[in-house]
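For reference, the structure is listed below as structure tokens.
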There are 2 protein chains.
Amino acid sequence: MPDIIEPRVLKGFRDYLPEAEIERKALIEILERVFRSFGFVPIDTPVLEYAEILLGKGGGETDKQVYRFADHGGRDVAMRFDLTVPFARFMAEHVDELYLPFRRYHMAKVWRGENTQRGRYREFMQCDFDIVGTDSDAADADIVLLIHDALTALDIGDFTVRINHRGLFNRFLAAIGAVDKSPAVLRAVDKLDKIGEAEVRKLLAAEIGEEGAAKVLEYIEPCPAFEEGLSRLERLAGGLNPDAMRLRAIFDAVNAAFSTAPTPPRGKLVLDPSITRGLDYYTGVVFETRLDAMPEIGSVCGGGRYDELASLYTTRRMPGVGAAIGLDRLLAALEAMGLSRRRAGYTDILILDLEEGFGPRYEAAAATFRRAGLCCEVFPERRKLAQQFVYAEKKGIPLALVLGGAEAAKGVFVVKDLRNRETFEMHSLDEAVTLIKGRLER
Amino acid sequence: MPDIIEPRVLKGFRDYLPEAEIERKALIEILERVFRSFGFVPIDTPVLEYAEILLGKGGGETDKQVYRFADHGGRDVAMRFDLTVPFARFMAEHVDELYLPFRRYHMAKVWRGENTQRGRYREFMQCDFDIVGTDSDAADADIVLLIHDALTALDIGDFTVRINHRGLFNRFLAAIGAVDKSPAVLRAVDKLDKIGEAEVRKLLAAEIGEEGAAKVLEYIEPCPAFEEGLSRLERLAGGLNPDAMRLRAIFDAVNAAFSTAPTPPRGKLVLDPSITRGLDYYTGVVFETRLDAMPEIGSVCGGGRYDELASLYTTRRMPGVGAAIGLDRLLAALEAMGLSRRRAGYTDILILDLEEGFGPRYEAAAATFRRAGLCCEVFPERRKLAQQFVYAEKKGIPLALVLGGAEAAKGVFVVKDLRNRETFEMHSLDEAVTLIKGRLER
């Protein structure tokens, strides 16, 4: 016998067993339906790209985490570490074959050789959606509404989308004479949830002094009412300006959409001047989304508006707005809230193997069931009945068809509900189909 | 301005633009539905694995094509080059958490640094399905029936599943005293389509002499009628035997399933003793599937039965049967046959942006349409009407909502069918929904 190789996966990687994969697919299917309902189209890009394309000519922080190597032709290649950079390259390359504004979604794996200590995985899925080629507030509103419809479709409880505008924040910083420190101030404010107000005050004071820090902390106070809060920010930022008007337009459009629903929306749109998003990339509105029942897991969907998607690869200006849904966080939240869609399989009915030579009958019954839209499988071996039931239980199959010699002699088909052991004697497969569909709805 | 990096992908890799990605997703969605209807469950495995796991301790032919490198921790890792090896590792690792027989499907990308001269890609999708943990003929029949239902659901015309049994072939080789040359003979016969009978005869003669070659060529002659053909093969193979009985059982089960359909099946199951599949891996039935209208593209779905899935990683015996669908070939065939499901997007109706300040009305209308199950998008900028129509055309959007100042003053919503420029004046959004759904069915 040859040596056995120990079956194992790399640290930071994982298999998806059927339950987990079915759950992930259910989530993805729901999200895709919502993306499509907003006119978004899917794209795909290669997992491997030129390292130069993914990392730019400089290289930087992300560099160290990237899986990068020389391919057979000696090319310096890397595995994608996000979906934004490949999208920028994609748009620069294909914009003339497409059209603008372009709405795309992309759900795919990315790889980062990160420290796995913090429960992070080195292979995980990202889910991005963007509208590029337009500066309009209608596109910003669409992204907020899409987030709303997506989380509502996932049926994950109430949630809050918190929105802010970096331009408005910068106007305020200009008004207090601190606009040159904008990046550092925004990054400090972004840490509010993580490190608390006292620490943020210290960071701010180091940049713009105690008085400036106090003003910034006043500016970022919560805005319980959108319109009132916005008026306050507008005042602090020096009066009427297009950034505040944009926030107002987004708020109005979102509320108009909400007002058409027969039931109250599951999500609230809240103005939150403390939302800045760390990335320098964003230039306009920014937003984050938290589940009301689980704020502690952080934002499950964040994003914002940027001026330049693809400036590394083209001189063509491509402003846009987009967001990313944190699939792993959502899955964890659903699990923690007892709302998980985990199931062991899709099979509605198992056809038990009870009688030598009945294979053709079993396959005929299975074909009839499938044609009626049921998911059906034939147990392929005449094992002990108890073993066949254990199989059904492990796979979460609710119903079984009992068709042995006795049933065939009587001309009946017995359907057994494995959840409560009730049995039903049917006189045709069509009759069985009707019964099965009724039982499945229970 | 910084230097621009030329946006491009690696040789042998490609982007999927929306039309191509929508088509691929449509295919995948149909296949998933069929897999699930047969009780198959999805799994996923990491793209990166230990090179030792993927390549075995020896290494070999595939080795040269594999993307293999040292990761940050100095581990010898590789990108998966098929879905079979990871599945074997997966089963060896997880069998105790699962159950047997286990039916799984896996559709995912794999990578091979192959020569791209022949139009091959270095990144492509595989689609595998297997039933492991059983020796039964019912499982073999299930795989054949699944192939039938999958190709029927894809609506790709008539097709032929050709089946054979390697065990039966070996019995015949034993009967003519050539069983020790079995691997070479099977590999030679596998080339029949590619190199023709004369060349195969030469290959065979070199192994088992002229007389043996003649006998083999007689054995592999077509079998126009299944039962007759099978009796002939059985005779040549030395009489009644379990392998022939298995083929008979599969044929009976498949026909029983076919017989329940109200219309004739799109696929035929044909006995073809010349099907051997090159891989040493197979030990029982083997099959290939060709489209009757396009036999020249080769098999779109092939597979077979094997004795040992995971012997590299476990001493536990795991026999099974499975097949792989060639997605790229199917896409090419659909394209060539004019049956492609290409479309530029999913949007049913575009809400034109015609009037300053109407954003909230547009979003309200869009929300109403989406709630009615329509895919709807709001054009986000007040561009010239002609430009908005060009956008709709590029994206293949059939309908538009015209709602400007004039319509609002009249209290109407105008729906325009962009395919024939008909317009319809509606008095409410609900009325518009009904009209839109009617137009979409045309």
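Residues are named by chain letter and number: chains run A, B, ... in the order of the structure tokens, numbers start at 1 in each chain, and ligands are numbered from 1 in the order shown.
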So which residues touch Asp140 (chain B) within 9 Å, counting only C-alpha atoms, skipping near sequence neighbours fewer than 4 positions away, as a short mmCIF file (atom, residue, chain, number, x, y, z; two decimals) with N, CA and C atoms, in the first residue's frame?
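What landed in around.cif:
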```cif
data_model
loop_
_atom_site.label_atom_id
_atom_site.label_comp_id
_atom_site.auth_asym_id
_atom_site.auth_seq_id
_atom_site.Cartn_x
_atom_site.Cartn_y
_atom_site.Cartn_z
N ILE B 131 -21.60 10.56 -7.28
CA ILE B 131 -22.22 9.84 -6.17
C ILE B 131 -21.16 8.89 -5.63
N ASP B 135 -21.56 1.12 -4.82
CA ASP B 135 -21.20 0.39 -6.04
C ASP B 135 -22.39 0.19 -6.96
N SER B 136 -23.54 0.72 -6.59
CA SER B 136 -24.78 0.24 -7.20
C SER B 136 -25.03 0.75 -8.62
N VAL B 144 -26.68 8.99 -15.53
CA VAL B 144 -27.14 9.08 -16.92
C VAL B 144 -28.43 9.91 -16.99
N LEU B 145 -29.35 9.68 -16.07
CA LEU B 145 -30.62 10.42 -16.08
C LEU B 145 -30.39 11.90 -15.79
N ILE B 250 -28.95 -0.67 -15.98
CA ILE B 250 -28.94 0.78 -16.21
C ILE B 250 -29.89 1.14 -17.34
N VAL B 285 -18.57 1.36 -15.61
CA VAL B 285 -19.18 2.01 -16.77
C VAL B 285 -18.44 3.30 -17.08
N GLY B 304 -17.71 8.33 -15.56
CA GLY B 304 -17.69 6.90 -15.39
C GLY B 304 -17.61 6.48 -13.94
N ARG B 305 -17.49 5.19 -13.75
CA ARG B 305 -17.42 4.63 -12.40
C ARG B 305 -15.98 4.30 -12.04
N GLY B 320 -17.35 5.07 -6.56
CA GLY B 320 -18.35 6.07 -6.94
C GLY B 320 -18.52 6.15 -8.44
N VAL B 321 -19.39 7.05 -8.83
CA VAL B 321 -19.63 7.28 -10.25
C VAL B 321 -19.90 8.77 -10.41
N GLY B 322 -19.40 9.32 -11.50
CA GLY B 322 -19.60 10.76 -11.67
C GLY B 322 -19.32 11.19 -13.09
#
```
Enumerate the residues of region 8-212 of chain B with a DSSP assignment of strand (DSSP E), computed from the backbone, and present them as number ranges by chain. B: 41-42, 48-50, 68-70, 76-79, 102-111, 123-132, 159-165
Given the choices A:Val132, A:Ala324, A:Ala293, A:Ala392, which gets closest to Asp82 (chain A) if the distance is worked out from only C-alpha atoms? A:Ala324
Can you pull out the residues contacting Arg166 (chain A)? Cut-off 7 Å, using only C-alpha atoms, and skip same-chain residues under 3 positions away; I want them as a list in words. Phe169, Asn170, Thr276, Thr283, Gly284 and Val285 of chain A
Output for the residues just chosen: C-alpha atoms as a compact mmCIF listing (two decimals), in the first residue's frame:
```txt
# COMPACT_ATOMS: atom_id res chain seq x y z
CA PHE A 169 -17.02 67.52 6.55
CA ASN A 170 -14.20 69.23 4.68
CA THR A 276 -15.93 58.98 7.43
CA THR A 283 -14.64 61.88 -1.98
CA GLY A 284 -18.41 62.29 -1.56
CA VAL A 285 -21.08 60.50 0.41
```
I need the helix (DSSP H, G or I) residues of region 170-315 of chain B per DSSP on the backbone, written as a ChimeraX atom specification. /B:170-175,179-190,192-219,226-236,242-259,295-297
Between A:Glu377, A:Asp193, A:Glu355, A:Glu308, which one has atoms that come closest to chain B, using only C-alpha atoms? A:Glu377
For CA of Gln126 (chain A) and CA of Phe379 (chain B), quote the distance in Å rounded to one decimal.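 So the answer is 26.7 Å.
With distances restricted to only C-alpha atoms, B:Arg290 is the closest residue to Gly326 (chain B) from B:Arg122, B:Arg290, B:Arg343, B:His72.
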Pick from A:Leu291, A:Leu350, A:Ala364, A:Leu385, whichever lies nearest to Leu399 (chain A) using only C-alpha atoms: A:Leu350
Compile the contact shell of Phe129 (chain A) as a PyMOL selection string: residues with an atom at most 8 Å away, counting only C-alpha atoms, same-chain residues fewer than 3 positions apart removed. chain A and resi 40+103-106+322-324
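CA of Gly303 (chain B) lies 26.8 Å from CA of Glu6 (chain A).
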One decimal, in Å: what's the spacing between CA of Gly74 (chain A) and CA of Val47 (chain B)? 21.3 Å
Would you pick out the contacts of region 410-421 of chain B at 10 Å or less, using only C-alpha atoms, so that residues sharing its chain but fewer than 5 positions from it are not included, and give the list as a ChimeraX atom specification? /B:349-351,365,389,392-393,396-405,426-429,431-433,435-436,439-440
List the spatial neighbours of Leu236 (chain A) as a count of residues only - criterion: any atom at most 9 Å away, only C-alpha atoms, same-chain residues fewer than 6 positions off excluded. 5
Calculated over only C-alpha atoms, which of the candidates B:Val378, B:Ala205, B:Val9, B:Ala26 has the smallest distance to Leu331 (chain B)? B:Ala26
Given the choices A:His165, A:His148, A:Arg80, A:Lys109, which gets closest to Val254 (chain A) if the distance is worked out from only C-alpha atoms?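 Among A:His165, A:His148, A:Arg80, A:Lys109, it is A:His148 that comes nearest to Val254 (chain A).
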Can you list, as a PyMOL selection string, every protein, DNA or RNA residue that comes within 12 Å of Pro183 (chain A) when you count only C-alpha atoms, leaving out same-chain residues fewer than 4 positions away? chain A and resi 166-167+169-170+173+178-179+187-190+204+207-208+276-283
Go ahead and write the selection's residues with C-alpha atoms as a PDB file, in the first residue's frame.
```
ATOM      1  CA  ARG A 166     -16.914  63.902   3.233  1.00  0.00           C
ATOM      2  CA  GLY A 167     -17.192  67.110   1.214  1.00  0.00           C
ATOM      3  CA  PHE A 169     -17.025  67.520   6.548  1.00  0.00           C
ATOM      4  CA  ASN A 170     -14.202  69.226   4.677  1.00  0.00           C
ATOM      5  CA  LEU A 173     -12.874  71.787   8.510  1.00  0.00           C
ATOM      6  CA  ALA A 178      -8.253  72.807   9.705  1.00  0.00           C
ATOM      7  CA  VAL A 179      -8.857  71.644   6.160  1.00  0.00           C
ATOM      8  CA  ARG A 187      -9.043  58.835   9.867  1.00  0.00           C
ATOM      9  CA  ALA A 188      -9.164  59.727  13.567  1.00  0.00           C
ATOM     10  CA  VAL A 189     -12.949  60.170  13.511  1.00  0.00           C
ATOM     11  CA  ASP A 190     -13.292  56.844  11.699  1.00  0.00           C
ATOM     12  CA  LEU A 204      -7.479  65.112  17.040  1.00  0.00           C
ATOM     13  CA  GLU A 207      -3.389  67.315  14.821  1.00  0.00           C
ATOM     14  CA  ILE A 208      -5.467  70.453  15.288  1.00  0.00           C
ATOM     15  CA  THR A 276     -15.928  58.981   7.430  1.00  0.00           C
ATOM     16  CA  ARG A 277     -14.605  55.615   6.158  1.00  0.00           C
ATOM     17  CA  GLY A 278     -10.861  55.417   6.460  1.00  0.00           C
ATOM     18  CA  LEU A 279     -10.046  55.069   2.773  1.00  0.00           C
ATOM     19  CA  ASP A 280      -8.674  58.144   0.999  1.00  0.00           C
ATOM     20  CA  TYR A 281     -10.397  56.835  -2.084  1.00  0.00           C
ATOM     21  CA  TYR A 282     -13.821  58.267  -1.130  1.00  0.00           C
ATOM     22  CA  THR A 283     -14.637  61.878  -1.983  1.00  0.00           C
TER      23      THR A 283
END
```
